[in-house]
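**Student:** Below you'll find start.pdb; it's PDB, C-alpha atoms and all ligand atoms.
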```pdb
ATOM      1  CA  MET A1154      20.359 -32.225  -3.381
ATOM      2  CA  ALA A1155      21.165 -29.821  -0.582
ATOM      3  CA  GLY A1156      18.441 -27.447   0.534
ATOM      4  CA  PRO A1157      18.887 -23.696   0.831
ATOM      5  CA  GLN A1158      21.355 -22.522   3.429
ATOM      6  CA  GLY A1159      21.900 -19.612   5.773
ATOM      7  CA  GLU A1160      20.559 -16.302   4.496
ATOM      8  CA  ILE A1161      18.254 -17.905   1.950
ATOM      9  CA  GLU A1162      16.728 -20.160   4.608
ATOM     10  CA  THR A1163      16.216 -17.123   6.849
ATOM     11  CA  LEU A1164      14.477 -15.281   4.013
ATOM     12  CA  ILE A1165      12.198 -18.235   3.276
ATOM     13  CA  GLY A1166      11.340 -18.445   6.975
ATOM     14  CA  LEU A1167      10.365 -14.756   7.034
ATOM     15  CA  MET A1168       8.354 -14.965   3.813
ATOM     16  CA  ALA A1169       6.477 -17.993   5.144
ATOM     17  CA  ARG A1170       5.080 -15.756   7.895
ATOM     18  CA  LEU A1171       3.196 -13.602   5.366
ATOM     19  CA  PRO A1172      -0.575 -14.151   5.171
ATOM     20  CA  GLY A1173      -1.445 -16.627   2.440
ATOM     21  CA  LEU A1174       2.088 -17.953   2.111
ATOM     22  CA  GLY A1175       3.169 -21.237   3.638
ATOM     23  CA  PRO A1176       6.682 -22.733   3.559
ATOM     24  CA  ARG A1177       6.184 -24.180   0.067
ATOM     25  CA  SER A1178       4.991 -20.984  -1.588
ATOM     26  CA  ALA A1179       7.564 -18.939   0.357
ATOM     27  CA  ARG A1180      10.283 -21.176  -1.091
ATOM     28  CA  ARG A1181       8.897 -20.702  -4.604
ATOM     29  CA  ALA A1182       8.686 -16.934  -4.155
ATOM     30  CA  VAL A1183      12.261 -16.713  -2.877
ATOM     31  CA  LEU A1184      13.551 -18.846  -5.751
ATOM     32  CA  HIS A1185      11.729 -16.552  -8.178
ATOM     33  CA  LEU A1186      13.241 -13.475  -6.521
ATOM     34  CA  LEU A1187      16.718 -14.989  -6.665
ATOM     35  CA  LYS A1188      16.306 -15.598 -10.389
ATOM     36  CA  LYS A1189      15.277 -11.940 -10.846
ATOM     37  CA  ARG A1190      17.813 -10.461  -8.456
ATOM     38  CA  ASP A1191      18.443  -7.217 -10.347
ATOM     39  CA  LEU A1192      15.030  -6.679 -11.908
ATOM     40  CA  LEU A1193      12.844  -7.543  -8.939
ATOM     41  CA  MET A1194      14.614  -8.547  -5.729
ATOM     42  CA  ALA A1195      16.832  -5.479  -5.300
ATOM     43  CA  PRO A1196      14.084  -2.908  -6.112
ATOM     44  CA  LEU A1197      11.659  -4.821  -3.850
ATOM     45  CA  ALA A1198      14.141  -4.836  -0.979
ATOM     46  CA  ALA A1199      14.795  -1.100  -1.436
ATOM     47  CA  ALA A1200      11.072  -0.296  -1.586
ATOM     48  CA  MET A1201      10.446  -2.361   1.550
ATOM     49  CA  ALA A1202      13.234  -0.614   3.445
ATOM     50  CA  ARG A1203      11.960   2.837   2.373
ATOM     51  CA  THR A1204       8.347   1.988   3.258
ATOM     52  CA  ALA A1205       9.323   0.528   6.631
ATOM     53  CA  ALA A1206      11.311   3.662   7.434
ATOM     54  CA  THR A1207       8.682   6.222   6.367
ATOM     55  CA  THR A1208       5.311   4.644   7.215
ATOM     56  CA  ARG A1209       3.593   5.581  10.446
ATOM     57  CA  ASP A1210       0.204   5.166  12.118
ATOM     58  CA  CYS A1211      -2.018   8.257  11.998
ATOM     59  CA  ALA A1212      -2.096   9.739  15.508
ATOM     60  CA  ILE A1213      -5.860  10.227  15.331
ATOM     61  CA  CYS A1214      -7.338   7.260  13.471
ATOM     62  CA  GLY A1215      -4.589   4.643  13.112
ATOM     63  CA  ASN A1216      -4.623   4.660   9.297
ATOM     64  CA  LEU A1217      -1.262   4.262   7.589
ATOM     65  CA  GLY A1218       0.523   7.230   6.092
ATOM     66  CA  SER A1219       3.817   9.057   5.987
ATOM     67  CA  ASP A1220       2.894  11.981   8.259
ATOM     68  CA  GLU A1221       1.664  12.347  11.828
ATOM     69  CA  LEU A1222      -1.909  12.652  10.525
ATOM     70  CA  CYS A1223      -3.302  10.776   7.525
ATOM     71  CA  GLY A1224      -4.858  12.255   4.389
ATOM     72  CA  ILE A1225      -8.382  11.434   5.565
ATOM     73  CA  CYS A1226      -8.046  13.102   8.981
ATOM     74  CA  THR A1227      -6.622  16.257   7.377
ATOM     75  CA  ASP A1228      -9.168  16.420   4.518
ATOM     76  CA  PRO A1229     -11.400  19.453   5.272
ATOM     77  CA  LYS A1230     -14.065  18.151   2.866
ATOM     78  CA  ARG A1231     -14.776  15.101   5.010
ATOM     79  CA  SER A1232     -17.451  15.136   7.689
ATOM     80  CA  THR A1233     -16.121  15.209  11.248
ATOM     81  CA  GLY A1234     -19.481  14.112  12.670
ATOM     82  CA  GLU A1235     -19.288  10.449  11.669
ATOM     83  CA  ILE A1236     -16.611   7.994  12.701
ATOM     84  CA  CYS A1237     -16.558   4.545  11.115
ATOM     85  CA  VAL A1238     -14.857   1.966  13.344
ATOM     86  CA  VAL A1239     -12.974  -0.841  11.582
ATOM     87  CA  GLU A1240     -10.860  -3.737  12.756
ATOM     88  CA  ASP A1241      -7.981  -3.151  10.411
ATOM     89  CA  VAL A1242      -6.494  -0.781   7.836
ATOM     90  CA  ALA A1243      -7.496  -3.265   5.103
ATOM     91  CA  ASP A1244     -11.155  -2.650   6.011
ATOM     92  CA  LEU A1245     -10.637   1.120   5.928
ATOM     93  CA  TRP A1246      -9.150   0.794   2.451
ATOM     94  CA  ALA A1247     -12.071  -1.402   1.309
ATOM     95  CA  LEU A1248     -14.567   1.206   2.549
ATOM     96  CA  GLU A1249     -12.615   3.983   0.863
ATOM     97  CA  GLN A1250     -12.596   2.051  -2.379
ATOM     98  CA  SER A1251     -16.392   1.847  -2.279
ATOM     99  CA  GLY A1252     -16.556   5.652  -2.008
ATOM    100  CA  ALA A1253     -19.702   5.220   0.105
ATOM    101  CA  PHE A1254     -18.444   6.870   3.275
ATOM    102  CA  ARG A1255     -17.392  10.503   3.575
ATOM    103  CA  GLY A1256     -16.765  10.716   7.297
ATOM    104  CA  ARG A1257     -13.663   9.700   9.201
ATOM    105  CA  TYR A1258     -12.366   6.416  10.544
ATOM    106  CA  HIS A1259     -11.025   4.747  13.627
ATOM    107  CA  VAL A1260      -8.847   1.651  13.240
ATOM    108  CA  LEU A1261      -8.995  -0.592  16.326
ATOM    109  CA  GLY A1262      -6.022  -2.747  15.349
ATOM    110  CA  GLY A1263      -7.867  -6.001  16.094
ATOM    111  CA  THR A1264     -10.912  -7.264  17.956
ATOM    112  CA  LEU A1265     -11.402  -8.188  21.589
ATOM    113  CA  SER A1266     -10.465 -11.807  22.096
ATOM    114  CA  PRO A1267     -10.551 -13.335  25.582
ATOM    115  CA  LEU A1268      -8.967 -16.530  24.217
ATOM    116  CA  ASP A1269      -5.971 -14.631  22.861
ATOM    117  CA  ALA A1270      -5.879 -12.310  25.888
ATOM    118  CA  VAL A1271      -6.656  -9.231  23.762
ATOM    119  CA  GLY A1272      -8.359  -6.672  26.021
ATOM    120  CA  PRO A1273      -9.650  -3.116  25.414
ATOM    121  CA  ASP A1274      -6.301  -1.512  26.294
ATOM    122  CA  ASP A1275      -4.548  -3.621  23.646
ATOM    123  CA  LEU A1276      -6.710  -1.967  20.991
ATOM    124  CA  ARG A1277      -7.348   1.706  20.178
ATOM    125  CA  ILE A1278     -10.571   1.623  22.233
ATOM    126  CA  PRO A1279      -9.640   4.196  24.929
ATOM    127  CA  ASP A1280      -8.538   6.531  22.096
ATOM    128  CA  LEU A1281     -11.927   6.127  20.434
ATOM    129  CA  VAL A1282     -13.870   7.013  23.583
ATOM    130  CA  ALA A1283     -11.623  10.037  24.195
ATOM    131  CA  ARG A1284     -12.016  11.099  20.569
ATOM    132  CA  VAL A1285     -15.811  10.968  20.740
ATOM    133  CA  ILE A1286     -15.809  13.004  23.970
ATOM    134  CA  ASP A1287     -13.383  15.638  22.619
ATOM    135  CA  THR A1288     -14.878  16.178  19.171
ATOM    136  CA  SER A1289     -18.246  16.986  17.625
ATOM    137  CA  THR A1290     -18.968  13.356  16.755
ATOM    138  CA  THR A1291     -22.663  12.637  16.257
ATOM    139  CA  GLU A1292     -22.551   9.030  15.052
ATOM    140  CA  VAL A1293     -20.188   6.086  15.448
ATOM    141  CA  ILE A1294     -20.687   3.425  12.770
ATOM    142  CA  LEU A1295     -19.366  -0.007  13.692
ATOM    143  CA  ALA A1296     -18.059  -1.903  10.643
ATOM    144  CA  LEU A1297     -16.721  -4.942  12.462
ATOM    145  CA  PRO A1298     -16.575  -8.583  11.355
ATOM    146  CA  ALA A1299     -19.630 -10.779  11.903
ATOM    147  CA  THR A1300     -17.494 -13.132  13.987
ATOM    148  CA  VAL A1301     -17.942 -13.850  17.702
ATOM    149  CA  ASP A1302     -14.957 -11.620  18.518
ATOM    150  CA  GLY A1303     -16.184  -8.904  16.157
ATOM    151  CA  GLN A1304     -19.628  -8.848  17.745
ATOM    152  CA  THR A1305     -18.200  -9.019  21.292
ATOM    153  CA  THR A1306     -16.160  -5.949  20.376
ATOM    154  CA  ALA A1307     -19.217  -4.184  18.928
ATOM    155  CA  HIS A1308     -21.212  -4.731  22.140
ATOM    156  CA  TYR A1309     -18.290  -3.606  24.268
ATOM    157  CA  LEU A1310     -17.927  -0.413  22.213
ATOM    158  CA  ALA A1311     -21.657   0.337  22.370
ATOM    159  CA  ASP A1312     -21.485   0.067  26.183
ATOM    160  CA  ALA A1313     -18.284   2.109  26.427
ATOM    161  CA  LEU A1314     -19.723   4.865  24.219
ATOM    162  CA  ALA A1315     -23.181   4.950  25.861
ATOM    163  CA  PRO A1316     -22.234   7.599  28.491
ATOM    164  CA  THR A1317     -21.113   9.993  25.724
ATOM    165  CA  GLY A1318     -24.628  10.067  24.253
ATOM    166  CA  VAL A1319     -23.317   9.539  20.708
ATOM    167  CA  ALA A1320     -25.502   7.518  18.304
ATOM    168  CA  VAL A1321     -24.007   4.080  17.657
ATOM    169  CA  SER A1322     -24.971   2.143  14.539
ATOM    170  CA  SER A1323     -23.775  -1.002  12.866
ATOM    171  CA  LEU A1324     -23.445  -2.103   9.258
ATOM    172  CA  ALA A1325     -26.570  -3.957   8.147
ATOM    173  CA  GLN A1326     -26.723  -7.574   7.056
ATOM    174  CA  GLY A1327     -24.422  -8.071   4.138
ATOM    175  CA  VAL A1328     -21.195  -8.707   5.982
ATOM    176  CA  PRO A1329     -21.046 -12.504   5.740
ATOM    177  CA  VAL A1330     -20.418 -14.532   8.887
ATOM    178  CA  GLY A1331     -16.695 -15.028   9.287
ATOM    179  CA  GLY A1332     -16.109 -12.797   6.278
ATOM    180  CA  GLU A1333     -13.923  -9.770   6.409
ATOM    181  CA  LEU A1334     -14.765  -6.426   4.913
ATOM    182  CA  ASP A1335     -11.917  -6.396   2.442
ATOM    183  CA  TYR A1336     -13.338  -9.452   0.656
ATOM    184  CA  LEU A1337     -16.619  -7.696  -0.082
ATOM    185  CA  ASP A1338     -17.281  -5.938  -3.357
ATOM    186  CA  GLU A1339     -18.013  -2.230  -3.498
ATOM    187  CA  GLY A1340     -21.769  -2.570  -4.109
ATOM    188  CA  THR A1341     -22.182  -4.795  -1.053
ATOM    189  CA  ILE A1342     -20.243  -2.383   1.134
ATOM    190  CA  THR A1343     -22.280   0.580  -0.082
ATOM    191  CA  ALA A1344     -25.559  -1.284   0.538
ATOM    192  CA  ALA A1345     -24.435  -2.402   4.015
ATOM    193  CA  LEU A1346     -23.488   1.154   4.906
ATOM    194  CA  ARG A1347     -26.736   2.687   3.618
ATOM    195  CA  ALA A1348     -28.843   0.136   5.497
ATOM    196  CA  ARG A1349     -26.992   0.543   8.789
ATOM    197  CA  ARG A1350     -29.115   0.252  11.896
ATOM    198  CA  ARG A1351     -29.048   1.653  15.381
ATOM    199  CA  PHE A1352     -27.019  -0.619  17.571
TER     200      PHE A1352
HETATM  201 ZN    ZN A1401      -6.130   9.539  10.300
END
```
Spell out the structure here as structure tokens.

**Tutor:**
Amino acid sequence: MAGPQGEIETLIGLMARLPGLGPRSARRAVLHLLKKRDLLMAPLAAAMARTAATTRDCAICGNLGSDELCGICTDPKRSTGEICVVEDVADLWALEQSGAFRGRYHVLGGTLSPLDAVGPDDLRIPDLVARVIDTSTTEVILALPATVDGQTTAHYLADALAPTGVAVSSLAQGVPVGGELDYLDEGTITAALRARRRF
């Protein structure tokens, strides 16, 4: 039996690059979509095209939204004194889901990684330092992964922010080693945030 050709093969190749999908599951997903062309594949393709065209990174914090500034940065009810630093938008969403934090965020877009040649200027680190200097920030809360790269990044940020005089704290124990914030349940996130300690 001949395998998929041309466009279908291209689609499978793209799907296989999604997190959690390998070539086998990408093939299954594409076959499923092709069976449901009208009910699922066409609306999915249209929604993807619309989302790709309208989504942008918030100019202040890096969260995703459809305007220059996200809903959190423009919410007057949220404290401007506390900035919670996360690796990724998924972590921001996990913290929001917990409802435990009422300040604002800063999405780094990754962690420092000498092995992968990711340096401070590849992340939103200079933006963070400038933001702390320019605004009335009193505390920066680091909610970074308990991995080597995550902790390297935390130490780097604490050093970079030291001259500004801002308080730097870190989420308490509760973030499992190698675990990412978006795998934690809401109670664990809330507890980790409440028990944060000076870095
Ligand atoms: Zn924002």

**Student:** So what does the PyMOL selection byres (((chain A and resi 1282) around 12) and not hetatm) actually pick up in this one, as a PyMOL selection string?

**Tutor:** chain A and resi 1213+1236+1238+1259+1261+1273-1274+1276-1281+1283-1288+1290+1293+1309-1319

**Student:** Could you list, as a ChimeraX atom specification, all protein and nucleic acid residues with an atom at most 10 Å from ligand ZN 1401 (chain A), counting all atoms listed in the file?

**Tutor:** /A:1210-1218,1220-1228,1257-1260

**Student:** Would you compute an axis-aligned box for region 1302-1311 of chain A, covering every atom listed for it in the file with 6 Å of margin on each side, and report centre and edge lengths in Å to one decimal as lines of an AutoDock Vina configuration file?

**Tutor:**
```
center_x = -18.3
center_y = -5.6
center_z = 20.2
size_x = 18.7
size_y = 24.0
size_z = 20.1
```

**Student:** Report, in Å with one decimal, the straight-line distance from CA of Ala1198 (chain A) to CA of Leu1186 (chain A).

**Tutor:**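 It comes out at 10.3 Å.
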
**Student:** On this structure, the PyMOL selection byres (((chain A and resi 1249) around 12) and not hetatm) would catch which residues? List them as a list in words, sorted by chain and number.

**Tutor:**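 When the PyMOL selection byres (((chain A and resi 1249) around 12) and not hetatm) is applied to the shown file, the picked residues are Asn1216, Gly1224, Ile1225, Cys1237, Val1239, Val1242, Ala1243, Asp1244, Leu1245, Trp1246, Ala1247, Leu1248, Gln1250, Ser1251, Gly1252, Ala1253, Phe1254, Arg1255, Gly1256, Arg1257, Tyr1258, Leu1334, Asp1335, Asp1338, Glu1339, Ile1342, Thr1343 and Leu1346 of chain A.
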
**Student:** Between CA of Val1321 (chain A) and CA of Ala1348 (chain A), what is the distance in Å, rounded to a tenth?

**Tutor:**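 Separation between CA of Val1321 (chain A) and CA of Ala1348 (chain A): 13.7 Å.
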
**Student:** Report the residues retrieved by the PyMOL selection byres (((chain A and resi 1350) around 7) and not hetatm) from the displayed file, expressed as an NGL selection string.

**Tutor:** :A and (1322-1325 or 1348-1349 or 1351-1352)

**Student:** Deliver the residues from the most recent selection as a file, using C-alpha atoms, as a compact mmCIF listing (two decimals), keeping the file's coordinate frame.

**Tutor:**
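Result went into again_30.txt, see below:
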```
# COMPACT_ATOMS: atom_id res chain seq x y z
CA SER A 1322 -24.97 2.14 14.54
CA SER A 1323 -23.78 -1.00 12.87
CA LEU A 1324 -23.44 -2.10 9.26
CA ALA A 1325 -26.57 -3.96 8.15
CA ALA A 1348 -28.84 0.14 5.50
CA ARG A 1349 -26.99 0.54 8.79
CA ARG A 1351 -29.05 1.65 15.38
CA PHE A 1352 -27.02 -0.62 17.57
```

**Student:** Quote the spacing between CA of Ser1266 (chain A) and CA of Asp1302 (chain A) in Å to one decimal place.

**Tutor:** 5.7 Å
